[in-house]
>>> print(open('upload30.csv').read())   # CSV, C-alpha atoms and all ligand atoms
chain,number,residue,atom,x,y,z
A,1112,MET,CA,56.7,41.2,72.4
A,1113,LEU,CA,55.4,43.2,75.3
A,1114,LYS,CA,53.5,41.0,77.8
A,1115,VAL,CA,50.4,42.9,79.0
A,1116,GLY,CA,48.1,42.0,81.8
A,1117,VAL,CA,44.7,43.6,82.3
A,1118,ASN,CA,43.4,43.7,85.8
A,1119,GLY,CA,39.6,44.5,85.8
A,1120,TYR,CA,37.5,43.2,82.9
A,1121,GLY,CA,34.6,45.6,82.6
A,1122,THR,CA,33.7,48.4,80.2
A,1123,ILE,CA,37.3,49.7,79.8
A,1124,GLY,CA,39.2,46.4,80.5
A,1125,LYS,CA,37.4,44.3,77.9
A,1126,ARG,CA,38.2,46.9,75.3
A,1127,VAL,CA,41.8,47.3,76.4
A,1128,ALA,CA,42.3,43.5,76.3
A,1129,ASP,CA,40.9,43.3,72.7
A,1130,ALA,CA,43.1,46.2,71.6
A,1131,VAL,CA,46.2,44.6,73.1
A,1132,CYS,CA,45.5,41.5,71.1
A,1133,ALA,CA,45.3,43.6,67.9
A,1134,GLN,CA,48.8,45.0,68.4
A,1135,PRO,CA,51.7,43.3,66.5
A,1136,ASP,CA,54.1,44.1,69.3
A,1137,MET,CA,52.0,43.0,72.3
A,1138,GLU,CA,50.8,39.8,73.8
A,1139,LEU,CA,47.9,39.6,76.3
A,1140,VAL,CA,48.9,37.5,79.3
A,1141,GLY,CA,45.3,37.5,80.6
A,1142,VAL,CA,42.6,39.3,82.5
A,1143,ALA,CA,41.5,39.4,86.1
A,1144,LYS,CA,37.9,39.2,87.4
A,1145,THR,CA,36.5,39.1,90.9
A,1146,ARG,CA,33.5,36.8,89.9
A,1147,PRO,CA,32.4,34.4,87.3
A,1148,ASN,CA,29.8,36.6,85.6
A,1149,PHE,CA,29.0,36.9,81.9
A,1150,GLU,CA,32.1,38.9,81.3
A,1151,ALA,CA,34.2,36.1,82.7
A,1152,GLU,CA,32.5,33.8,80.3
A,1153,THR,CA,33.2,36.2,77.5
A,1154,ALA,CA,36.9,36.3,78.4
A,1155,VAL,CA,37.2,32.5,78.3
A,1156,ARG,CA,35.2,32.4,75.0
A,1157,ASN,CA,37.7,34.9,73.6
A,1158,GLY,CA,40.5,32.6,74.6
A,1159,TYR,CA,41.9,34.9,77.2
A,1160,SER,CA,43.5,33.4,80.3
A,1161,LEU,CA,41.4,34.3,83.3
A,1162,TYR,CA,42.8,35.1,86.7
A,1163,ALA,CA,40.9,35.4,90.0
A,1164,ALA,CA,41.3,39.0,91.3
A,1165,LEU,CA,40.4,37.9,94.8
A,1166,PRO,CA,42.1,34.6,95.7
A,1167,GLU,CA,39.4,33.7,98.3
A,1168,ARG,CA,36.8,33.5,95.4
A,1169,VAL,CA,38.5,30.8,93.4
A,1170,ASP,CA,35.8,28.4,94.6
A,1171,GLN,CA,33.1,30.5,92.9
A,1172,PHE,CA,34.8,30.1,89.5
A,1173,ASP,CA,35.2,26.4,90.1
A,1174,ASP,CA,31.5,26.1,91.1
A,1175,ALA,CA,30.5,27.9,88.0
A,1176,GLY,CA,32.7,25.8,85.8
A,1177,VAL,CA,34.7,28.8,84.6
A,1178,PRO,CA,38.3,27.8,84.2
A,1179,LEU,CA,41.1,29.9,85.8
A,1180,ALA,CA,44.7,30.2,84.8
A,1181,GLY,CA,45.7,31.4,88.3
A,1182,VAL,CA,45.2,34.3,90.7
A,1183,VAL,CA,46.0,38.0,90.1
A,1184,ASP,CA,49.5,37.7,91.6
A,1185,ASP,CA,50.4,35.2,88.9
A,1186,LEU,CA,49.0,37.6,86.2
A,1187,VAL,CA,51.1,40.5,87.6
A,1188,ALA,CA,54.2,38.3,87.9
A,1189,GLU,CA,54.0,37.2,84.3
A,1190,SER,CA,53.3,40.7,82.8
A,1191,ASP,CA,55.8,43.3,81.7
A,1192,VAL,CA,53.1,45.9,82.2
A,1193,VAL,CA,49.6,45.8,83.8
A,1194,VAL,CA,46.8,48.0,82.7
A,1195,ASP,CA,44.6,48.4,85.8
A,1196,THR,CA,41.0,48.9,84.7
A,1197,THR,CA,39.3,48.2,88.0
A,1198,PRO,CA,36.6,50.6,89.4
A,1199,SER,CA,37.6,54.0,90.7
A,1200,GLY,CA,39.5,53.7,94.0
A,1201,ILE,CA,40.3,50.0,93.6
A,1202,GLY,CA,43.4,50.9,91.5
A,1203,ALA,CA,44.8,52.8,94.5
A,1204,GLN,CA,44.4,49.6,96.6
A,1205,ASN,CA,46.2,47.6,93.8
A,1206,ARG,CA,49.2,49.9,93.6
A,1207,GLU,CA,51.0,47.9,96.4
A,1208,LEU,CA,50.5,44.7,94.3
A,1209,TYR,CA,52.3,46.2,91.4
A,1210,GLU,CA,55.0,47.6,93.6
A,1211,ARG,CA,55.6,44.2,95.2
A,1212,HIS,CA,56.2,42.6,91.7
A,1213,ASP,CA,58.1,45.7,90.5
A,1214,THR,CA,55.7,45.7,87.5
A,1215,PRO,CA,54.9,49.0,85.9
A,1216,ALA,CA,51.2,49.8,85.8
A,1217,ILE,CA,48.8,52.1,84.0
A,1218,PHE,CA,45.8,53.3,86.0
A,1219,GLN,CA,42.6,54.9,84.7
A,1220,GLY,CA,41.1,58.4,85.1
A,1221,GLY,CA,38.8,57.4,88.0
A,1222,GLU,CA,41.9,57.3,90.2
A,1223,ASP,CA,43.3,60.4,91.8
A,1224,ALA,CA,46.2,62.0,89.8
A,1225,ASP,CA,48.7,61.4,92.6
A,1226,ILE,CA,48.4,57.6,92.2
A,1227,ALA,CA,50.9,57.9,89.3
A,1228,ASP,CA,54.1,59.7,88.3
A,1229,VAL,CA,52.4,61.0,85.2
A,1230,SER,CA,48.9,61.7,83.9
A,1231,PHE,CA,48.9,60.7,80.3
A,1232,ASN,CA,47.5,61.7,76.9
A,1233,ALA,CA,49.4,60.3,73.9
A,1234,ARG,CA,49.0,63.5,71.8
A,1235,ALA,CA,49.9,65.9,74.6
A,1236,ASN,CA,52.7,64.4,76.7
A,1237,TYR,CA,53.7,60.9,75.5
A,1238,ASP,CA,57.4,61.3,76.3
A,1239,GLU,CA,56.7,62.2,80.0
A,1240,ALA,CA,55.6,58.6,80.6
A,1241,THR,CA,58.8,57.0,79.4
A,1242,GLY,CA,60.5,55.1,82.2
A,1243,ALA,CA,57.8,55.8,84.8
A,1244,GLN,CA,56.7,53.1,87.2
A,1245,PHE,CA,53.1,54.3,87.3
A,1246,VAL,CA,51.1,56.2,84.7
A,1247,ARG,CA,47.4,57.3,84.7
A,1248,THR,CA,45.5,57.5,81.5
A,1249,VAL,CA,43.2,60.5,82.0
A,1250,SER,CA,39.5,60.1,81.9
A,1251,CYS,CA,37.4,60.0,78.8
A,1252,ASN,CA,36.4,63.7,78.9
A,1253,THR,CA,39.9,64.8,79.8
A,1254,THR,CA,41.3,62.7,76.9
A,1255,GLY,CA,38.8,64.3,74.5
A,1256,LEU,CA,39.7,67.8,75.7
A,1257,SER,CA,43.5,67.1,75.6
A,1258,ARG,CA,43.4,65.9,72.0
A,1259,LEU,CA,41.6,69.2,71.0
A,1260,LEU,CA,43.6,71.6,73.1
A,1261,ALA,CA,47.1,70.3,72.3
A,1262,PRO,CA,47.1,71.4,68.7
A,1263,LEU,CA,45.2,74.7,69.4
A,1264,ASP,CA,47.7,75.6,72.2
A,1265,GLU,CA,50.7,74.7,70.1
A,1266,THR,CA,49.6,76.6,67.0
A,1267,TYR,CA,47.6,79.6,68.3
A,1268,GLY,CA,48.2,79.7,72.0
A,1269,VAL,CA,45.2,79.3,74.3
A,1270,LYS,CA,44.3,82.3,76.4
A,1271,LYS,CA,41.3,80.7,78.1
A,1272,ALA,CA,39.3,77.6,77.6
A,1273,ARG,CA,35.7,77.3,78.8
A,1274,VAL,CA,33.9,74.0,78.4
A,1275,THR,CA,30.4,72.9,79.4
A,1276,LEU,CA,30.3,69.1,79.6
A,1277,VAL,CA,26.9,67.4,79.2
A,1278,ARG,CA,27.7,64.1,80.7
A,1279,ARG,CA,25.9,60.8,80.2
A,1280,GLY,CA,24.4,59.6,83.5
A,1281,GLY,CA,25.9,56.1,83.2
A,1282,ASP,CA,27.1,53.5,80.7
A,1283,PRO,CA,24.6,51.3,78.9
A,1284,GLY,CA,25.3,48.4,81.3
A,1285,GLN,CA,25.2,50.5,84.4
A,1286,THR,CA,21.7,49.6,85.4
A,1287,GLY,CA,22.5,50.6,89.0
A,1288,ARG,CA,22.5,54.2,87.9
A,1289,GLY,CA,18.9,54.1,86.7
A,1290,PRO,CA,16.1,54.5,85.9
A,1291,ILE,CA,16.7,58.2,86.0
A,1292,ASN,CA,14.9,61.3,84.6
A,1293,ASP,CA,16.6,64.5,85.5
A,1294,ILE,CA,19.2,67.1,84.6
A,1295,LEU,CA,21.7,67.7,87.3
A,1296,PRO,CA,24.4,70.5,87.6
A,1297,ASP,CA,27.3,68.2,88.6
A,1298,PRO,CA,28.8,69.6,90.6
A,1299,VAL,CA,26.7,72.7,91.2
A,1300,THR,CA,29.8,74.7,91.9
A,1301,LEU,CA,32.5,75.7,89.4
A,1302,PRO,CA,34.8,74.1,88.3
A,1303,SER,CA,33.8,70.5,87.6
A,1304,HIS,CA,36.8,68.1,88.1
A,1305,HIS,CA,37.6,68.2,84.4
A,1306,GLY,CA,39.4,71.6,84.4
A,1307,PRO,CA,41.9,70.6,87.1
A,1308,ASP,CA,42.2,67.2,85.5
A,1309,VAL,CA,43.1,68.8,82.1
A,1310,GLN,CA,45.7,70.8,84.1
A,1311,THR,CA,47.5,67.6,85.1
A,1312,ILE,CA,48.4,67.4,81.4
A,1313,PHE,CA,48.7,71.2,80.7
A,1314,PRO,CA,49.8,72.7,84.0
A,1315,GLU,CA,49.8,76.3,82.6
A,1316,LEU,CA,46.5,76.1,80.8
A,1317,ASN,CA,43.7,78.6,81.8
A,1318,ILE,CA,40.5,76.5,81.8
A,1319,ASP,CA,37.1,76.5,83.4
A,1320,THR,CA,34.8,73.6,83.1
A,1321,LEU,CA,31.1,73.1,84.1
A,1322,GLY,CA,29.4,69.8,84.2
A,1323,LEU,CA,25.8,68.6,83.9
A,1324,LYS,CA,24.5,65.0,84.1
A,1325,VAL,CA,21.6,64.0,81.9
A,1326,PRO,CA,19.6,60.7,81.6
A,1327,ALA,CA,21.6,59.4,78.6
A,1328,THR,CA,24.0,56.5,78.2
A,1329,LEU,CA,25.5,56.8,74.8
A,1330,MET,CA,28.1,59.6,74.9
A,1331,HIS,CA,29.2,62.8,76.5
A,1332,THR,CA,28.8,66.1,74.6
A,1333,HIS,CA,31.1,69.2,75.0
A,1334,SER,CA,30.2,72.8,74.2
A,1335,VAL,CA,33.7,74.3,73.8
A,1336,ASN,CA,34.8,78.0,73.7
A,1337,VAL,CA,38.5,78.6,73.4
A,1338,THR,CA,39.8,82.2,73.4
A,1339,LEU,CA,43.0,82.1,71.3
A,1340,GLU,CA,46.1,84.2,71.4
A,1341,SER,CA,45.6,85.0,67.7
A,1342,THR,CA,42.6,85.3,65.3
A,1343,PRO,CA,42.7,82.5,62.7
A,1344,ALA,CA,39.8,82.0,60.3
A,1345,ALA,CA,37.5,79.1,61.0
A,1346,GLU,CA,38.8,77.4,57.9
A,1347,GLU,CA,42.4,77.5,59.3
A,1348,VAL,CA,41.3,76.0,62.6
A,1349,ARG,CA,39.3,73.3,60.7
A,1350,ASP,CA,42.4,72.5,58.6
A,1351,LEU,CA,44.6,72.3,61.6
A,1352,LEU,CA,42.3,70.0,63.4
A,1353,ALA,CA,41.8,67.9,60.3
A,1354,GLY,CA,45.5,66.9,60.6
A,1355,GLU,CA,44.9,65.3,64.0
A,1356,SER,CA,44.3,61.5,63.6
A,1357,ARG,CA,42.0,61.1,66.6
A,1358,LEU,CA,39.7,64.0,65.7
A,1359,PHE,CA,36.8,63.1,63.4
A,1360,PHE,CA,34.7,65.7,61.7
A,1361,VAL,CA,31.0,64.8,61.4
A,1362,PRO,CA,30.2,66.2,58.0
A,1363,LYS,CA,27.0,68.3,57.5
A,1364,HIS,CA,25.6,66.1,54.7
A,1365,ALA,CA,25.8,63.0,56.9
A,1366,GLY,CA,22.6,64.0,58.8
A,1367,ILE,CA,24.1,62.9,62.2
A,1368,ASP,CA,22.4,65.1,64.7
A,1369,GLY,CA,23.4,63.5,68.0
A,1370,ALA,CA,24.9,60.6,69.9
A,1371,GLY,CA,22.2,58.1,68.8
A,1372,LYS,CA,23.1,58.5,65.1
A,1373,LEU,CA,26.8,58.6,65.8
A,1374,LYS,CA,26.5,55.2,67.5
A,1375,GLU,CA,24.4,53.9,64.7
A,1376,PHE,CA,27.0,55.1,62.2
A,1377,ALA,CA,29.8,53.4,64.2
A,1378,MET,CA,27.9,50.1,64.1
A,1379,ASP,CA,27.2,50.5,60.4
A,1380,ALA,CA,30.9,51.2,59.9
A,1381,GLY,CA,31.6,47.8,61.5
A,1382,ARG,CA,33.2,49.2,64.7
A,1383,PRO,CA,33.5,46.6,67.5
A,1384,ARG,CA,30.8,47.3,70.1
A,1385,GLY,CA,29.9,50.4,68.1
A,1386,ASP,CA,33.0,52.1,69.5
A,1387,LEU,CA,34.1,55.6,68.5
A,1388,TRP,CA,37.7,56.0,69.5
A,1389,GLU,CA,37.9,59.5,68.0
A,1390,ASN,CA,36.5,62.8,69.3
A,1391,CYS,CA,33.4,63.5,67.1
A,1392,ILE,CA,33.4,67.2,66.2
A,1393,TRP,CA,30.4,68.6,64.3
A,1394,GLU,CA,32.2,70.3,61.4
A,1395,GLU,CA,29.6,72.9,60.8
A,1396,SER,CA,29.8,73.9,64.5
A,1397,ILE,CA,33.4,75.3,64.1
A,1398,ALA,CA,33.1,79.0,64.3
A,1399,VAL,CA,35.6,81.8,65.1
A,1400,GLN,CA,34.4,85.2,66.3
A,1401,ASP,CA,37.4,87.6,66.8
A,1402,ASP,CA,39.7,85.4,69.0
A,1403,ASP,CA,37.0,83.1,70.2
A,1404,LEU,CA,36.7,79.6,68.8
A,1405,TYR,CA,33.4,77.6,69.3
A,1406,LEU,CA,32.6,74.0,68.6
A,1407,PHE,CA,30.6,71.0,69.7
A,1408,GLN,CA,32.1,67.6,70.1
A,1409,ALA,CA,30.8,64.2,71.3
A,1410,ILE,CA,33.0,61.8,73.3
A,1411,HIS,CA,32.3,58.1,73.4
A,1412,GLN,CA,33.1,57.4,77.1
A,1413,GLU,CA,33.5,53.7,76.8
A,1414,SER,CA,36.2,53.8,74.1
A,1415,ASP,CA,38.1,57.0,73.5
A,1416,VAL,CA,40.7,56.1,76.2
A,1417,ILE,CA,41.5,52.7,74.5
A,1418,PRO,CA,44.1,53.9,72.0
A,1419,GLU,CA,45.6,56.0,74.8
A,1420,ASN,CA,46.0,53.0,77.0
A,1421,ILE,CA,47.8,51.1,74.2
A,1422,ASP,CA,50.1,54.1,73.6
A,1423,ALA,CA,50.7,54.3,77.4
A,1424,VAL,CA,52.0,50.7,77.3
A,1425,ARG,CA,54.6,51.6,74.7
A,1426,ALA,CA,55.4,54.9,76.4
A,1427,ILE,CA,56.0,53.4,79.9
A,1428,THR,CA,58.3,50.7,78.5
A,1429,GLY,CA,60.0,53.1,76.0
A,1430,SER,CA,59.5,50.6,73.2
A,1431,ALA,CA,58.4,53.1,70.6
A,1432,SER,CA,58.5,56.8,69.9
A,1433,LYS,CA,55.3,58.9,70.2
A,1434,GLU,CA,54.8,59.0,66.4
A,1435,GLU,CA,55.5,55.3,65.9
A,1436,SER,CA,53.2,54.3,68.7
A,1437,ILE,CA,50.3,56.5,67.7
A,1438,ALA,CA,50.6,55.4,64.1
A,1439,LEU,CA,50.8,51.7,65.0
A,1440,THR,CA,47.8,51.9,67.4
A,1441,ASN,CA,45.7,53.8,64.8
A,1442,GLU,CA,46.6,51.3,62.1
A,1443,SER,CA,46.0,48.1,64.2
A,1444,LEU,CA,42.7,49.3,65.6
A,1445,GLY,CA,41.5,51.1,62.5
A,1446,VAL,CA,41.3,54.6,64.2
A,1447,GLY,CA,40.3,57.3,61.8
A,1448,LEU,CA,37.0,57.6,60.0
A,1449,ASP,CA,38.1,59.8,57.1
A,1450,SER,CA,37.8,57.1,54.5
A,1451,VAL,CA,34.1,56.5,55.5
A,1452,PHE,CA,32.9,60.0,54.4
A,1453,ALA,CA,34.1,61.4,51.2
A,1454,GLY,CA,33.1,64.7,52.7
A,1455,GLN,CA,36.1,64.7,55.0
A,1456,ASN,CA,38.2,65.8,52.0
A,1457,GLN,CA,35.8,68.5,50.8
A,1458,PRO,CA,36.5,72.2,51.2
A,1459,PHE,CA,35.2,73.6,54.5
A,1460,VAL,CA,32.5,76.2,54.4
A,1461,ALA,CA,32.3,78.3,57.6
A,1462,ALA,CA,28.9,78.6,59.2
A,1463,ASP,CA,28.8,82.4,58.6
A,1464,ASP,CA,29.8,82.3,54.9
B,1,LIG,N1,33.2,53.7,81.7
B,1,LIG,C1,33.6,54.9,81.4
B,1,LIG,O1,32.9,55.7,80.9
B,1,LIG,C2,35.0,55.3,81.7
B,1,LIG,C3,35.7,54.8,82.8
B,1,LIG,N2,37.0,55.2,83.0
B,1,LIG,C4,37.7,54.7,84.2
B,1,LIG,O2,38.1,53.4,84.0
B,1,LIG,C5,38.1,52.7,85.2
B,1,LIG,C6,37.3,51.4,85.1
B,1,LIG,O3,36.0,51.9,84.7
B,1,LIG,P1,34.9,50.9,84.0
B,1,LIG,O4,35.6,50.0,83.1
B,1,LIG,O5,33.8,51.8,83.5
B,1,LIG,O6,34.4,50.1,85.3
B,1,LIG,P2,33.5,48.7,85.2
B,1,LIG,O7,32.8,48.7,86.5
B,1,LIG,O8,32.8,48.6,84.0
B,1,LIG,O9,34.7,47.6,85.2
B,1,LIG,C7,35.6,47.4,86.2
B,1,LIG,C8,35.6,45.9,86.4
B,1,LIG,O10,36.6,45.6,87.4
B,1,LIG,C9,36.1,44.5,88.1
B,1,LIG,N3,36.6,44.5,89.5
B,1,LIG,C10,36.0,45.0,90.6
B,1,LIG,N4,36.8,44.9,91.7
B,1,LIG,C11,38.0,44.4,91.2
B,1,LIG,C12,39.2,44.1,91.8
B,1,LIG,N5,39.4,44.2,93.1
B,1,LIG,N6,40.2,43.5,91.1
B,1,LIG,C13,40.0,43.3,89.7
B,1,LIG,N7,38.8,43.6,89.1
B,1,LIG,C14,37.8,44.2,89.8
B,1,LIG,C15,34.6,44.5,88.0
B,1,LIG,O11,34.2,43.2,87.6
B,1,LIG,P3,34.0,42.0,88.6
B,1,LIG,O12,33.8,42.5,90.0
B,1,LIG,O13,32.8,41.3,88.0
B,1,LIG,O14,35.3,41.3,88.4
B,1,LIG,C16,34.3,45.4,86.9
B,1,LIG,O15,33.7,44.7,85.8
B,1,LIG,C17,37.6,53.7,86.3
B,1,LIG,O16,38.7,54.3,86.9
B,1,LIG,C18,36.8,54.7,85.5
B,1,LIG,O17,36.7,55.9,86.1
B,1,LIG,C19,37.7,56.0,82.2
B,1,LIG,C20,37.1,56.5,81.0
B,1,LIG,C21,35.7,56.2,80.8
B,2,LIG,O1,35.9,59.2,83.0
B,2,LIG,C1,34.7,59.4,82.8
B,2,LIG,O2,34.1,60.6,83.0
B,2,LIG,P1,34.8,62.0,83.5
B,2,LIG,O3,35.8,62.4,82.4
B,2,LIG,O4,33.7,62.9,83.5
B,2,LIG,O5,35.5,61.8,84.8
B,2,LIG,C2,33.8,58.3,82.6
B,2,LIG,O6,32.7,58.6,81.7
B,2,LIG,C3,33.3,57.8,84.0
B,2,LIG,O7,32.3,58.7,84.4
B,2,LIG,P2,31.5,58.5,85.8
B,2,LIG,O8,32.3,59.1,86.9
B,2,LIG,O9,30.2,59.1,85.5
B,2,LIG,O10,31.4,57.0,85.9
>>> encode(input="upload30.csv", output="structure tokens", more="lines below")
Ligand SMILES: NC(=O)C1=CN([C@@H]2O[C@H](COP(=O)(O)OP(=O)(O)OC[C@H]3O[C@@H](n4cnc5c(N)ncnc54)[C@H](OP(=O)(O)O)[C@@H]3O)[C@@H](O)[C@H]2O)C=CC1
Ligand SMILES: O=C(OP(=O)(O)O)[C@H](O)COP(=O)(O)O
Amino acid sequence: MLKVGVNGYGTIGKRVADAVCAQPDMELVGVAKTRPNFEAETAVRNGYSLYAALPERVDQFDDAGVPLAGVVDDLVAESDVVVDTTPSGIGAQNRELYERHDTPAIFQGGEDADIADVSFNARANYDEATGAQFVRTVSCNTTGLSRLLAPLDETYGVKKARVTLVRRGGDPGQTGRGPINDILPDPVTLPSHHGPDVQTIFPELNIDTLGLKVPATLMHTHSVNVTLESTPAAEEVRDLLAGESRLFFVPKHAGIDGAGKLKEFAMDAGRPRGDLWENCIWEESIAVQDDDLYLFQAIHQESDVIPENIDAVRAITGSASKEESIALTNESLGVGLDSVFAGQNQPFVAADD
């Protein structure tokens, strides 16, 4: 059993902790928090051992009656691997902690790429993480783009990718980012940070990205244009992408017109927290004109990196091959929505037919 610690129990950390518990080959050592807020209470209620991330705050937990198993040094010492899910920039401060204990760690996409030996996406470069001391799971948007671009590049070759990312302004719980009512080019200059971040996974890829922030909390949405080295029919591209376990096609008949209904669907499907671990591609948006592919996809920022973090644990420890890990993660979490819509198995009709 791989003993996994989770340092930082917020949006990503709570999901990683739950996902670790769902794995047959992993054991959750515990989670670390800086304060005894509602999430600390949730961790205790879930039966997770709770560690104080800042030893000088142990008294605050005692005063609130929230039981601690120890401090973060204990968590790191007891873990084979730590997944660091602290806010952007805190991971960099924690690196020394993991070095001191000689414990491999997995950082998140809010950290700079140079924090780790490898920036990671399971589909694209699983094997590069094997044996590394530090790995960075790339951000939600970069994960979504990597899953899409890997099969396209391998099969057709990507001449140039151009993506406009319409980014949610904050997560549902990030009240500090609101109330807001605006549309911001973010940044106003090209490229947004996503293109260079995708290149940490695909160094040779020609990609331009633009970002906009909007007053939404549910999901990000990508408008994608990929110029291919060849000219496949839309049906062929659709069939290629249908073979990817973490890409989900939103069928036309479902009547899902945006992130609101996608989240509603996820909750109806019984997904924990209404999570959508897969890229959600509107099937009818897939179009090819000459060598240009177009599509829209939505990315659930709170959850698409969760399967990738689980795979990163196996990759960094070398405990499973890429295929074994992805299959095990998918099965244990229930990744893949194909069985929910019979339409996933119906013949594809291209938009211009
Ligand atoms: N949310 C998103 O959309 C995505 C985020 N990411 C990345 O994941 C990382 C985490 O983001 P996210 O989960 O959203 O952030 P959150 O703020 O939701 O969670 C981080 C948690 O870490 C805790 N924390 C703060 N300081 C420390 C510390 N010194 N030691 C341990 N824990 C600490 C905070 O809780 P407390 O202080 O109460 O203990 C907080 O709940 C970032 O790098 C982010 O860029 C990646 C993909 C998507
Ligand atoms: O990793 C994310 O986005 P990103 O891929 O745009 O960097 C998360 O949604 C965090 O975004 P934020 O930087 O708005 O908190």
>>> residues_near_point(input="upload30.csv", point="(36.6, 58.6, 77.9)", cutoff="12 Å", atoms="all atoms listed in the file", output="PyMOL selection string")
chain A and resi 1122-1123+1219-1221+1232+1248-1258+1278-1279+1282+1305+1329-1332+1386-1390+1409-1420
>>> residues_around(input="upload30.csv", residues="range 1181-1193 of chain A", least_positions_apart="4", cutoff="9 Å", atoms="all atoms listed in the file", output="PyMOL selection string")
chain A and resi 1113-1118+1139-1144+1160-1166+1169+1208-1209+1212-1218+1424+1427-1428
>>> write_last_selection(input="upload30.csv", atoms="C-alpha atoms", output="JSON list (two decimals), in the frame of the given file")
[["chain", "number", "residue", "atom", "x", "y", "z"],
["A", 1113, "LEU", "CA", 55.40, 43.20, 75.30],
["A", 1114, "LYS", "CA", 53.50, 41.00, 77.80],
["A", 1115, "VAL", "CA", 50.40, 42.90, 79.00],
["A", 1116, "GLY", "CA", 48.10, 42.00, 81.80],
["A", 1117, "VAL", "CA", 44.70, 43.60, 82.30],
["A", 1118, "ASN", "CA", 43.40, 43.70, 85.80],
["A", 1139, "LEU", "CA", 47.90, 39.60, 76.30],
["A", 1140, "VAL", "CA", 48.90, 37.50, 79.30],
["A", 1141, "GLY", "CA", 45.30, 37.50, 80.60],
["A", 1142, "VAL", "CA", 42.60, 39.30, 82.50],
["A", 1143, "ALA", "CA", 41.50, 39.40, 86.10],
["A", 1144, "LYS", "CA", 37.90, 39.20, 87.40],
["A", 1160, "SER", "CA", 43.50, 33.40, 80.30],
["A", 1161, "LEU", "CA", 41.40, 34.30, 83.30],
["A", 1162, "TYR", "CA", 42.80, 35.10, 86.70],
["A", 1163, "ALA", "CA", 40.90, 35.40, 90.00],
["A", 1164, "ALA", "CA", 41.30, 39.00, 91.30],
["A", 1165, "LEU", "CA", 40.40, 37.90, 94.80],
["A", 1166, "PRO", "CA", 42.10, 34.60, 95.70],
["A", 1169, "VAL", "CA", 38.50, 30.80, 93.40],
["A", 1208, "LEU", "CA", 50.50, 44.70, 94.30],
["A", 1209, "TYR", "CA", 52.30, 46.20, 91.40],
["A", 1212, "HIS", "CA", 56.20, 42.60, 91.70],
["A", 1213, "ASP", "CA", 58.10, 45.70, 90.50],
["A", 1214, "THR", "CA", 55.70, 45.70, 87.50],
["A", 1215, "PRO", "CA", 54.90, 49.00, 85.90],
["A", 1216, "ALA", "CA", 51.20, 49.80, 85.80],
["A", 1217, "ILE", "CA", 48.80, 52.10, 84.00],
["A", 1218, "PHE", "CA", 45.80, 53.30, 86.00],
["A", 1424, "VAL", "CA", 52.00, 50.70, 77.30],
["A", 1427, "ILE", "CA", 56.00, 53.40, 79.90],
["A", 1428, "THR", "CA", 58.30, 50.70, 78.50]]
>>> atom_distance(input="upload30.csv", atom1="CA of Leu1358 in chain A", atom2="CA of Leu1448 in chain A")
9.0 Å
>>> atom_distance(input="upload30.csv", atom1="CA of Thr1241 in chain A", atom2="CA of Asp1228 in chain A")
10.4 Å
>>> atom_distance(input="upload30.csv", atom1="CA of Gln1134 in chain A", atom2="CA of Arg1206 in chain A")
25.7 Å
>>> closest_residue(input="upload30.csv", among="A:Pro1178, A:Gly1447, A:Gly1385, A:Pro1298", to="ligand LIG 2 (chain B)", atoms="all atoms listed in the file")
A:Pro1298
>>> residues_near_point(input="upload30.csv", point="(28.6, 77.6, 84.5)", cutoff="9 Å", atoms="only C-alpha atoms", output="PyMOL selection string")
chain A and resi 1274-1275+1296+1299-1302+1319-1322
>>> write_last_selection(input="upload30.csv", atoms="C-alpha atoms", output="mmCIF file, keeping the file's coordinate frame")
data_model
loop_
_atom_site.group_PDB
_atom_site.id
_atom_site.type_symbol
_atom_site.label_atom_id
_atom_site.label_comp_id
_atom_site.auth_asym_id
_atom_site.auth_seq_id
_atom_site.Cartn_x
_atom_site.Cartn_y
_atom_site.Cartn_z
ATOM 1 C CA VAL A 1274 33.900 74.000 78.400
ATOM 2 C CA THR A 1275 30.400 72.900 79.400
ATOM 3 C CA PRO A 1296 24.400 70.500 87.600
ATOM 4 C CA VAL A 1299 26.700 72.700 91.200
ATOM 5 C CA THR A 1300 29.800 74.700 91.900
ATOM 6 C CA LEU A 1301 32.500 75.700 89.400
ATOM 7 C CA PRO A 1302 34.800 74.100 88.300
ATOM 8 C CA ASP A 1319 37.100 76.500 83.400
ATOM 9 C CA THR A 1320 34.800 73.600 83.100
ATOM 10 C CA LEU A 1321 31.100 73.100 84.100
ATOM 11 C CA GLY A 1322 29.400 69.800 84.200
#
>>> closest_residue(input="upload30.csv", among="A:Arg1146, A:Arg1247, A:Lys1374, A:Arg1273", to="ligand LIG 2 (chain B)", atoms="only C-alpha atoms and all ligand atoms")
A:Arg1247
>>> closest_residue(input="upload30.csv", among="A:Ala1431, A:Ile1437, A:Ala1133, A:Leu1352", to="Leu1406 in chain A", atoms="all atoms listed in the file")
A:Leu1352
>>> closest_residue(input="upload30.csv", among="A:Ile1294, A:Ser1303, A:Thr1328, A:Gly1289", to="ligand LIG 1 (chain B)", atoms="all atoms listed in the file")
A:Thr1328
>>> closest_residue(input="upload30.csv", among="A:Asp1174, A:Glu1207, A:Glu1138, A:Asp1223", to="ligand LIG 1 (chain B)", atoms="all atoms listed in the file")
A:Asp1223
>>> closest_residue(input="upload30.csv", among="A:Ile1201, A:Ala1180, A:Leu1339, A:Ala1227", to="ligand LIG 1 (chain B)", atoms="all atoms listed in the file")
A:Ile1201
>>> residues_around(input="upload30.csv", residues="Glu1355 in chain A", least_positions_apart="4", cutoff="12 Å", atoms="all atoms listed in the file", output="MDAnalysis selection string")
chainID A and resid 1233:1235 1257:1263 1348:1351 1359:1360 1389:1390 1392 1434 1437:1438 1441 1446:1449
